[in-house]
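Only one structure is covered here, and it is reproduced in the block below.
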Amino acid sequence: MVYYIVRRVLLAVPTVLGVCIVTFLLFNVFASPEAIARRQLGKNPTTAQVQAWVHAHGMDKPMFFNLKPASDSRVHVLDSRFWSQMRELLLFQFPESDYLHENVGSLIKARIVPSLTITVPAFLLSIIVTLPLALFVAYYRGTYLDRTALFVCVILMSIVILNYIIVGQYLLAVVFKYFPIYGYEFGLNAWKFVFLPVILAVAAGLGGGLRFYRTVMLNEVRADYVRTAMAKGVSESGILFKHVLKNAMIPILTTTVLSIPFLITGSLLLEMYFGIPGMGNLLLNAVNNSDYPIIRTLTYVYSLLYIAGSILTDISYTLVDPRVILE
Amino acid sequence: MAESHLKIAIRRIKKDSLAIAGFCVICAFAFIALLDVVPVPYRDAGGLHFNRTALDYLARKPVELSYSPPLARTGVLNRKEFALHSLHLLGTNILGEDVLYDALKGVRTAFIIGIVPLVIAAFFAIVLGLLAGYYGGWVDDVIQYIYQVLSSIPGILLLIAMLTVMERGIWQLCIALGVTSWVGLCRLIRGETLKVRSMEYVEAARALGASDARLLFRQILPNVMYLVVIEMTLDFSGLVMSEAVLTYIGVGVEPGTGSWGRMILSADRELPNGIWWNLTGASVLLFLLVLAFNLFADALRDALDPRLRKG
């Protein structure tokens, strides 16, 4: 087990390096330093201003290898944009934001908690709501109820998340005034502001989730062990809840982790729309201000979280399926 | 036989009335998109112009002063009523433009966003998936590494990163969406190629002296194409929706291109003032197109995918 975890983490190292390289290439090869400087300096900067900005941000250094002797007449081969940015990311010494002039690391730290207060409840609640519904639909498989539920799922899936958010906020917060429209409070009072975004996130994911879980369950229902259980007289609900649910856990676990990137999209829009000062909000403001250090760092941080998440999924397989032995 | 295979698929889809309905709606939308491509030239003092499409010719209405509700005779601007030049089925927006026309302009954009990225993605996925599955070894390792890295970056972030770096525009959006959406299909094709390459008919062709290229494109590719077709129809809806989301957060198509995302974006300020038709126009068209594609894609997958075939 320990051996497996160590090996998985070591195997993730080249992937993390690859992510670093992709983000570096995006923000250094496809965008010229002068163009970035001009965007940040605003109204018609002079050439001298642009060059001063580029120099101050270390973007006049060579791309990969610095072969020119420095002022102390020594050659610092690794004094280049690539290596300094890699060092920043890998050692978590994040750069300073171009627009907010704060360290990106501390910006992110301040925003993790508001983001988590949305995503974690939404994640858990959607599983709690969707799984029993899926079992219920699977129980009535092939009936009129099942077909109707499937059609409703497709309809729910065809509504873009923007509509859930806009209409949901308008109806529940503006018209019926059940919830505050906008804003956030730290501490225990956060729940008031978190409630509506969480509900909307669950509603937006319900159709796709329900349909997927149903498919997973039905794949299991056709398995031999179900026929055996039926033959020895186990009740239909006993089969579903005891046998099928347990066996369906592996595909369910995989997709719940794979759905985390989609949670990011959802929380991005929800945070923007409800004024929650989380990471999604930070990212969208960075997009509007062309704040590349924030986008670069957040891409890296989210990728790390994703890689960590997929390792955790593999480990959690052992918890639900004794047949999986990690070596 | 390839043809009978196709015939079986068509027969299966024909039995599904929802899929047929979906297909008809898709055709109607495609017709609108085509109307927006065909130019209807007109002549004025400056000579002959080709920048008007058939859709402009048919659906464009004179611009009013400002908002007006659907089918109204008058609109209100600064508490003063103004008379409308023509009847607007879905009212007008803040600039006085016909909402129905705006929404119909979004159809062509939706089709471009739904198709061009898929073609780009299918190209990458087919080439890399076939190579990885067929040659194995270090080729497979390199390609797997590339998609491992790309799939570790959450798609939306990679999209935002690419789109902030590039200029804004519909073709840039297509490239970014194409680059971020080939990994899933590539995985599937690689797996299928691994299976197919050691089948008897491929072995037989190899024994007859067929070259690698011939084996790849004449023997293996036709047998993995069903994956491409299934994946492309399933992904269409997601892409159309992501156009709306990306335009909404400010990295989508450029102003001046028809876009449901931008219409939905302006609803933020309009809805509290009781102006619902802009949001409704864009949302209903978007919903109908996505729903039609979802219904059709499901039926197509059930008809084409041998893994789902019973008995």
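Chain identifiers are assigned as A, B, and so on, following the order in which chains appear in the structure tokens; residues are numbered from 1 within each chain, and ligands are numbered from 1 in order of appearance.
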
Exercise. Where does DSSP see helix (DSSP H, G or I) in range 18-65 of chain B, if you list the residues as a VMD selection string?
Worked result: chain B and resid 18 to 35 54 to 59

For this session: Just the residues within 9 Å of Arg190 in chain B, please, counting only C-alpha atoms, with nothing from its chain fewer than 4 positions along; format it as a list of chain:residue names.
Result: B:Ala125, B:Ile126, B:Leu128, B:Gly129, B:Leu130, B:Leu131, B:Ala132, B:Gly133, B:Tyr134, B:Asp140, B:Leu185, B:Cys186, B:Leu194, B:Lys195

Exercise. Do you know which residues are at most 9 Å from Ile21 in chain A counting only C-alpha atoms, after dropping those on the same chain fewer than 5 positions away, and could you put them as number ranges by chain?
Worked result: A: 16, 26, 82, 86

Just C-alpha atoms for this one: save the residues we selected as an mmCIF file, in the first residue's frame.
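For reference, selection-v3.cif as written:
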data_model
loop_
_atom_site.group_PDB
_atom_site.id
_atom_site.type_symbol
_atom_site.label_atom_id
_atom_site.label_comp_id
_atom_site.auth_asym_id
_atom_site.auth_seq_id
_atom_site.Cartn_x
_atom_site.Cartn_y
_atom_site.Cartn_z
ATOM 1 C CA VAL A 16 3.373 18.039 -12.814
ATOM 2 C CA LEU A 26 1.299 29.410 -23.148
ATOM 3 C CA PHE A 82 11.807 29.214 -17.793
ATOM 4 C CA MET A 86 9.579 26.708 -12.759
#

Give me, as a PDB file with N, CA and C atoms, in the first residue's frame, the residues of chain A touching chain B, with the criterion being at most 9 Å (counting only C-alpha atoms).
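Result file is out39.pdb:
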ATOM      1  N   PRO A  14       6.523  13.659 -13.303  1.00  0.00           N
ATOM      2  CA  PRO A  14       6.646  14.123 -14.691  1.00  0.00           C
ATOM      3  C   PRO A  14       5.388  14.829 -15.188  1.00  0.00           C
ATOM      4  N   THR A  15       4.211  14.393 -14.728  1.00  0.00           N
ATOM      5  CA  THR A  15       2.976  15.063 -15.144  1.00  0.00           C
ATOM      6  C   THR A  15       2.955  16.503 -14.651  1.00  0.00           C
ATOM      7  N   VAL A  16       3.347  16.685 -13.371  1.00  0.00           N
ATOM      8  CA  VAL A  16       3.373  18.039 -12.814  1.00  0.00           C
ATOM      9  C   VAL A  16       4.356  18.899 -13.612  1.00  0.00           C
ATOM     10  N   LEU A  17       5.523  18.330 -13.933  1.00  0.00           N
ATOM     11  CA  LEU A  17       6.496  19.079 -14.741  1.00  0.00           C
ATOM     12  C   LEU A  17       5.884  19.442 -16.092  1.00  0.00           C
ATOM     13  N   GLY A  18       5.154  18.488 -16.682  1.00  0.00           N
ATOM     14  CA  GLY A  18       4.510  18.754 -17.971  1.00  0.00           C
ATOM     15  C   GLY A  18       3.529  19.907 -17.879  1.00  0.00           C
ATOM     16  N   VAL A  19       2.738  19.927 -16.788  1.00  0.00           N
ATOM     17  CA  VAL A  19       1.785  21.015 -16.591  1.00  0.00           C
ATOM     18  C   VAL A  19       2.525  22.350 -16.514  1.00  0.00           C
ATOM     19  N   VAL A  22       3.606  23.349 -20.007  1.00  0.00           N
ATOM     20  CA  VAL A  22       2.490  23.831 -20.836  1.00  0.00           C
ATOM     21  C   VAL A  22       2.121  25.257 -20.459  1.00  0.00           C
ATOM     22  N   THR A  23       1.990  25.513 -19.150  1.00  0.00           N
ATOM     23  CA  THR A  23       1.610  26.871 -18.752  1.00  0.00           C
ATOM     24  C   THR A  23       2.709  27.867 -19.107  1.00  0.00           C
ATOM     25  N   LEU A  26       2.473  28.590 -22.832  1.00  0.00           N
ATOM     26  CA  LEU A  26       1.299  29.410 -23.148  1.00  0.00           C
ATOM     27  C   LEU A  26       1.565  30.884 -22.887  1.00  0.00           C
ATOM     28  N   PHE A  27       2.095  31.169 -21.705  1.00  0.00           N
ATOM     29  CA  PHE A  27       2.182  32.564 -21.303  1.00  0.00           C
ATOM     30  C   PHE A  27       3.483  33.232 -21.716  1.00  0.00           C
ATOM     31  N   PHE A  30       3.341  32.322 -26.604  1.00  0.00           N
ATOM     32  CA  PHE A  30       2.221  32.836 -27.391  1.00  0.00           C
ATOM     33  C   PHE A  30       1.907  34.293 -27.087  1.00  0.00           C
ATOM     34  N   ALA A  31       2.430  34.816 -25.975  1.00  0.00           N
ATOM     35  CA  ALA A  31       2.217  36.228 -25.677  1.00  0.00           C
ATOM     36  C   ALA A  31       3.585  36.878 -25.500  1.00  0.00           C
ATOM     37  N   PHE A 151     -36.162  10.986 -19.531  1.00  0.00           N
ATOM     38  CA  PHE A 151     -36.430  12.133 -20.396  1.00  0.00           C
ATOM     39  C   PHE A 151     -36.237  13.440 -19.622  1.00  0.00           C
ATOM     40  N   VAL A 154     -32.604  14.229 -19.466  1.00  0.00           N
ATOM     41  CA  VAL A 154     -32.061  14.825 -20.684  1.00  0.00           C
ATOM     42  C   VAL A 154     -32.442  16.300 -20.762  1.00  0.00           C
ATOM     43  N   ILE A 155     -33.668  16.609 -20.359  1.00  0.00           N
ATOM     44  CA  ILE A 155     -34.092  18.010 -20.369  1.00  0.00           C
ATOM     45  C   ILE A 155     -33.235  18.821 -19.401  1.00  0.00           C
ATOM     46  N   MET A 157     -30.284  18.211 -18.426  1.00  0.00           N
ATOM     47  CA  MET A 157     -28.922  18.310 -18.950  1.00  0.00           C
ATOM     48  C   MET A 157     -28.821  19.332 -20.079  1.00  0.00           C
ATOM     49  N   SER A 158     -29.945  19.615 -20.734  1.00  0.00           N
ATOM     50  CA  SER A 158     -29.907  20.499 -21.889  1.00  0.00           C
ATOM     51  C   SER A 158     -30.029  21.966 -21.506  1.00  0.00           C
ATOM     52  N   ILE A 159     -30.215  22.226 -20.226  1.00  0.00           N
ATOM     53  CA  ILE A 159     -30.298  23.622 -19.786  1.00  0.00           C
ATOM     54  C   ILE A 159     -28.895  24.062 -19.384  1.00  0.00           C
ATOM     55  N   VAL A 160     -28.445  25.154 -19.956  1.00  0.00           N
ATOM     56  CA  VAL A 160     -27.084  25.607 -19.662  1.00  0.00           C
ATOM     57  C   VAL A 160     -27.044  26.140 -18.233  1.00  0.00           C
ATOM     58  N   ILE A 161     -25.896  25.938 -17.570  1.00  0.00           N
ATOM     59  CA  ILE A 161     -25.786  26.282 -16.144  1.00  0.00           C
ATOM     60  C   ILE A 161     -26.089  27.755 -15.889  1.00  0.00           C
ATOM     61  N   LEU A 162     -25.822  28.596 -16.886  1.00  0.00           N
ATOM     62  CA  LEU A 162     -26.120  30.024 -16.729  1.00  0.00           C
ATOM     63  C   LEU A 162     -27.598  30.243 -16.419  1.00  0.00           C
ATOM     64  N   ASN A 163     -28.476  29.456 -17.056  1.00  0.00           N
ATOM     65  CA  ASN A 163     -29.907  29.631 -16.835  1.00  0.00           C
ATOM     66  C   ASN A 163     -30.300  29.220 -15.425  1.00  0.00           C
ATOM     67  N   ILE A 166     -29.056  32.226 -13.252  1.00  0.00           N
ATOM     68  CA  ILE A 166     -29.756  33.504 -13.428  1.00  0.00           C
ATOM     69  C   ILE A 166     -31.211  33.387 -12.982  1.00  0.00           C
ATOM     70  N   VAL A 167     -31.896  32.352 -13.490  1.00  0.00           N
ATOM     71  CA  VAL A 167     -33.310  32.210 -13.151  1.00  0.00           C
ATOM     72  C   VAL A 167     -33.465  31.861 -11.673  1.00  0.00           C
ATOM     73  N   TYR A 170     -32.916  34.915  -9.607  1.00  0.00           N
ATOM     74  CA  TYR A 170     -34.011  35.873  -9.782  1.00  0.00           C
ATOM     75  C   TYR A 170     -35.264  35.416  -9.020  1.00  0.00           C
ATOM     76  N   VAL A 174     -34.622  37.291  -5.623  1.00  0.00           N
ATOM     77  CA  VAL A 174     -35.185  38.604  -5.930  1.00  0.00           C
ATOM     78  C   VAL A 174     -36.696  38.606  -5.734  1.00  0.00           C
ATOM     79  N   VAL A 175     -37.389  37.608  -6.312  1.00  0.00           N
ATOM     80  CA  VAL A 175     -38.853  37.628  -6.265  1.00  0.00           C
ATOM     81  C   VAL A 175     -39.362  37.144  -4.910  1.00  0.00           C
ATOM     82  N   ILE A 260     -14.852  16.715 -10.589  1.00  0.00           N
ATOM     83  CA  ILE A 260     -14.327  17.875  -9.871  1.00  0.00           C
ATOM     84  C   ILE A 260     -13.974  19.043 -10.796  1.00  0.00           C
ATOM     85  N   PRO A 261     -13.358  18.789 -11.966  1.00  0.00           N
ATOM     86  CA  PRO A 261     -13.126  19.923 -12.866  1.00  0.00           C
ATOM     87  C   PRO A 261     -14.411  20.653 -13.234  1.00  0.00           C
ATOM     88  N   PHE A 262     -15.532  19.896 -13.325  1.00  0.00           N
ATOM     89  CA  PHE A 262     -16.784  20.556 -13.657  1.00  0.00           C
ATOM     90  C   PHE A 262     -17.293  21.359 -12.478  1.00  0.00           C
ATOM     91  N   ILE A 264     -15.422  22.989 -10.720  1.00  0.00           N
ATOM     92  CA  ILE A 264     -14.683  24.244 -10.831  1.00  0.00           C
ATOM     93  C   ILE A 264     -15.441  25.218 -11.715  1.00  0.00           C
ATOM     94  N   THR A 265     -15.891  24.733 -12.896  1.00  0.00           N
ATOM     95  CA  THR A 265     -16.647  25.613 -13.781  1.00  0.00           C
ATOM     96  C   THR A 265     -17.852  26.173 -13.060  1.00  0.00           C
ATOM     97  N   LEU A 269     -18.702  30.283 -12.029  1.00  0.00           N
ATOM     98  CA  LEU A 269     -19.856  31.121 -12.357  1.00  0.00           C
ATOM     99  C   LEU A 269     -20.632  31.506 -11.105  1.00  0.00           C
ATOM    100  N   MET A 272     -18.835  34.185  -9.176  1.00  0.00           N
ATOM    101  CA  MET A 272     -18.949  35.466  -9.854  1.00  0.00           C
ATOM    102  C   MET A 272     -20.338  36.036  -9.651  1.00  0.00           C
ATOM    103  N   LEU A 283      -9.984  34.189 -10.262  1.00  0.00           N
ATOM    104  CA  LEU A 283      -9.605  33.837 -11.637  1.00  0.00           C
ATOM    105  C   LEU A 283     -10.313  34.730 -12.648  1.00  0.00           C
ATOM    106  N   LEU A 284     -11.620  34.934 -12.456  1.00  0.00           N
ATOM    107  CA  LEU A 284     -12.361  35.716 -13.445  1.00  0.00           C
ATOM    108  C   LEU A 284     -11.931  37.177 -13.439  1.00  0.00           C
ATOM    109  N   VAL A 287      -8.871  37.300 -15.377  1.00  0.00           N
ATOM    110  CA  VAL A 287      -9.122  37.264 -16.821  1.00  0.00           C
ATOM    111  C   VAL A 287      -9.450  38.656 -17.328  1.00  0.00           C
ATOM    112  N   ASN A 288     -10.302  39.362 -16.592  1.00  0.00           N
ATOM    113  CA  ASN A 288     -10.697  40.702 -17.038  1.00  0.00           C
ATOM    114  C   ASN A 288      -9.545  41.690 -17.012  1.00  0.00           C
ATOM    115  N   SER A 290      -6.299  40.805 -17.451  1.00  0.00           N
ATOM    116  CA  SER A 290      -5.136  40.169 -18.077  1.00  0.00           C
ATOM    117  C   SER A 290      -4.022  39.943 -17.068  1.00  0.00           C
ATOM    118  N   TYR A 292      -1.763  37.795 -15.821  1.00  0.00           N
ATOM    119  CA  TYR A 292      -1.224  36.475 -16.160  1.00  0.00           C
ATOM    120  C   TYR A 292      -0.654  35.689 -14.982  1.00  0.00           C
ATOM    121  N   ILE A 295      -3.470  33.747 -13.382  1.00  0.00           N
ATOM    122  CA  ILE A 295      -4.018  32.661 -14.209  1.00  0.00           C
ATOM    123  C   ILE A 295      -3.040  31.502 -14.254  1.00  0.00           C
ATOM    124  N   ARG A 296      -1.762  31.833 -14.447  1.00  0.00           N
ATOM    125  CA  ARG A 296      -0.707  30.821 -14.519  1.00  0.00           C
ATOM    126  C   ARG A 296      -0.665  30.002 -13.227  1.00  0.00           C
ATOM    127  N   LEU A 298      -2.961  29.738 -10.805  1.00  0.00           N
ATOM    128  CA  LEU A 298      -4.185  28.997 -10.519  1.00  0.00           C
ATOM    129  C   LEU A 298      -4.279  27.751 -11.386  1.00  0.00           C
ATOM    130  N   THR A 299      -3.871  27.854 -12.655  1.00  0.00           N
ATOM    131  CA  THR A 299      -3.867  26.675 -13.523  1.00  0.00           C
ATOM    132  C   THR A 299      -3.028  25.578 -12.898  1.00  0.00           C
ATOM    133  N   TYR A 300      -1.870  25.970 -12.405  1.00  0.00           N
ATOM    134  CA  TYR A 300      -0.954  25.008 -11.782  1.00  0.00           C
ATOM    135  C   TYR A 300      -1.564  24.414 -10.509  1.00  0.00           C
ATOM    136  N   TYR A 302      -4.754  24.234  -9.507  1.00  0.00           N
ATOM    137  CA  TYR A 302      -5.892  23.364  -9.786  1.00  0.00           C
ATOM    138  C   TYR A 302      -5.425  22.026 -10.362  1.00  0.00           C
ATOM    139  N   SER A 303      -4.400  22.059 -11.221  1.00  0.00           N
ATOM    140  CA  SER A 303      -3.903  20.805 -11.789  1.00  0.00           C
ATOM    141  C   SER A 303      -3.330  19.913 -10.703  1.00  0.00           C
ATOM    142  N   LEU A 304      -2.592  20.534  -9.761  1.00  0.00           N
ATOM    143  CA  LEU A 304      -2.060  19.752  -8.641  1.00  0.00           C
ATOM    144  C   LEU A 304      -3.191  19.092  -7.865  1.00  0.00           C
ATOM    145  N   TYR A 306      -6.089  18.312  -8.947  1.00  0.00           N
ATOM    146  CA  TYR A 306      -6.697  17.268  -9.765  1.00  0.00           C
ATOM    147  C   TYR A 306      -5.872  15.985  -9.717  1.00  0.00           C
ATOM    148  N   ILE A 307      -4.553  16.149  -9.847  1.00  0.00           N
ATOM    149  CA  ILE A 307      -3.668  14.978  -9.820  1.00  0.00           C
ATOM    150  C   ILE A 307      -3.767  14.303  -8.449  1.00  0.00           C
TER     151      ILE A 307
END

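Reported to one decimal place, the separation of CA of Val179 in chain B from CA of Ile294 in chain A is 22.1 Å.
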
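Closest approach to Leu90 in chain B among B:Leu77, B:Ala282, B:Val224, B:Ala19: B:Ala282, based on only C-alpha atoms.
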
For this session: Give me the residues within 12 Å of Asp212 in chain B as a PyMOL selection string, counting only C-alpha atoms and dropping any in the same chain fewer than 2 places off.
Result: chain B and resi 130-131+134-135+197+202-203+205-210+214-221

Problem set entry | All residues 8 Å or closer to range 116-125 of chain A, only C-alpha atoms, same chain fewer than 6 positions away omitted, as a PyMOL selection string | chain A and resi 194+197-199+201-202+263+267

So that I have them on file, write out the residues from the current selection with N, CA and C atoms, as an mmCIF file, in the first residue's frame.
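Saved to out02.cif:
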data_model
loop_
_atom_site.group_PDB
_atom_site.id
_atom_site.type_symbol
_atom_site.label_atom_id
_atom_site.label_comp_id
_atom_site.auth_asym_id
_atom_site.auth_seq_id
_atom_site.Cartn_x
_atom_site.Cartn_y
_atom_site.Cartn_z
ATOM 1 N N VAL A 194 -24.323 30.863 1.342
ATOM 2 C CA VAL A 194 -23.873 29.668 0.633
ATOM 3 C C VAL A 194 -25.054 28.828 0.162
ATOM 4 N N PRO A 197 -26.375 29.214 -3.740
ATOM 5 C CA PRO A 197 -25.431 28.679 -4.733
ATOM 6 C C PRO A 197 -25.303 27.166 -4.666
ATOM 7 N N VAL A 198 -25.317 26.601 -3.449
ATOM 8 C CA VAL A 198 -25.182 25.146 -3.320
ATOM 9 C C VAL A 198 -26.385 24.452 -3.947
ATOM 10 N N ILE A 199 -27.572 24.957 -3.664
ATOM 11 C CA ILE A 199 -28.784 24.356 -4.233
ATOM 12 C C ILE A 199 -28.722 24.401 -5.762
ATOM 13 N N ALA A 201 -26.093 24.601 -7.667
ATOM 14 C CA ALA A 201 -25.056 23.699 -8.174
ATOM 15 C C ALA A 201 -25.584 22.269 -8.226
ATOM 16 N N VAL A 202 -26.307 21.869 -7.165
ATOM 17 C CA VAL A 202 -26.860 20.515 -7.137
ATOM 18 C C VAL A 202 -27.889 20.347 -8.252
ATOM 19 N N LEU A 263 -17.021 20.863 -11.297
ATOM 20 C CA LEU A 263 -17.344 21.656 -10.109
ATOM 21 C C LEU A 263 -16.642 22.999 -10.173
ATOM 22 N N SER A 267 -18.452 26.447 -9.870
ATOM 23 C CA SER A 267 -18.163 27.372 -8.787
ATOM 24 C C SER A 267 -17.633 28.695 -9.335
#

Name all residues at most 10 Å from Arg108 in chain B (count only C-alpha atoms; drop same-chain ones fewer than 2 positions away) and give them as a short mmCIF file (atom, residue, chain, number, x, y, z; two decimals) with N, CA and C atoms, in the first residue's frame.
data_model
loop_
_atom_site.label_atom_id
_atom_site.label_comp_id
_atom_site.auth_asym_id
_atom_site.auth_seq_id
_atom_site.Cartn_x
_atom_site.Cartn_y
_atom_site.Cartn_z
N PHE B 29 -32.53 23.96 -37.47
CA PHE B 29 -31.47 24.88 -37.04
C PHE B 29 -30.37 24.98 -38.10
N ALA B 30 -30.03 23.84 -38.67
CA ALA B 30 -28.98 23.83 -39.70
C ALA B 30 -29.41 24.69 -40.89
N PHE B 31 -30.70 24.64 -41.20
CA PHE B 31 -31.22 25.45 -42.30
C PHE B 31 -31.04 26.95 -42.00
N ILE B 32 -31.35 27.35 -40.76
CA ILE B 32 -31.17 28.75 -40.37
C ILE B 32 -29.69 29.13 -40.48
N ALA B 33 -28.82 28.22 -40.01
CA ALA B 33 -27.38 28.50 -40.08
C ALA B 33 -26.95 28.66 -41.53
N LEU B 34 -27.50 27.82 -42.42
CA LEU B 34 -27.14 27.91 -43.85
C LEU B 34 -27.63 29.22 -44.45
N LEU B 35 -28.85 29.62 -44.05
CA LEU B 35 -29.37 30.91 -44.52
C LEU B 35 -28.42 32.04 -44.16
N ASP B 36 -27.74 31.87 -43.01
CA ASP B 36 -26.85 32.92 -42.53
C ASP B 36 -25.48 32.83 -43.21
N VAL B 37 -25.32 31.91 -44.12
CA VAL B 37 -24.06 31.78 -44.85
C VAL B 37 -24.22 32.29 -46.29
N LEU B 104 -31.46 34.42 -33.77
CA LEU B 104 -31.25 33.59 -34.96
C LEU B 104 -29.81 33.72 -35.45
N LYS B 105 -29.20 34.91 -35.26
CA LYS B 105 -27.79 35.08 -35.64
C LYS B 105 -26.89 34.16 -34.81
N GLY B 106 -27.37 33.81 -33.61
CA GLY B 106 -26.58 32.93 -32.76
C GLY B 106 -26.50 31.50 -33.28
N ALA B 110 -23.35 28.95 -33.12
CA ALA B 110 -23.46 27.69 -32.39
C ALA B 110 -22.98 26.52 -33.24
N PHE B 111 -23.35 26.49 -34.52
CA PHE B 111 -22.93 25.39 -35.38
C PHE B 111 -21.42 25.41 -35.62
N ILE B 112 -20.86 26.61 -35.80
CA ILE B 112 -19.41 26.69 -35.98
C ILE B 112 -18.70 26.16 -34.74
N ILE B 113 -19.17 26.62 -33.55
CA ILE B 113 -18.54 26.21 -32.30
C ILE B 113 -18.77 24.72 -32.04
N GLY B 114 -19.90 24.20 -32.52
CA GLY B 114 -20.18 22.80 -32.27
C GLY B 114 -19.45 21.86 -33.22
N THR B 257 -20.24 39.24 -33.40
CA THR B 257 -20.65 37.90 -33.81
C THR B 257 -21.89 37.53 -33.00
N GLY B 258 -22.85 36.94 -33.67
CA GLY B 258 -24.05 36.52 -32.97
C GLY B 258 -23.69 35.56 -31.86
N SER B 259 -24.24 35.79 -30.67
CA SER B 259 -23.84 34.91 -29.56
C SER B 259 -24.93 34.87 -28.51
#
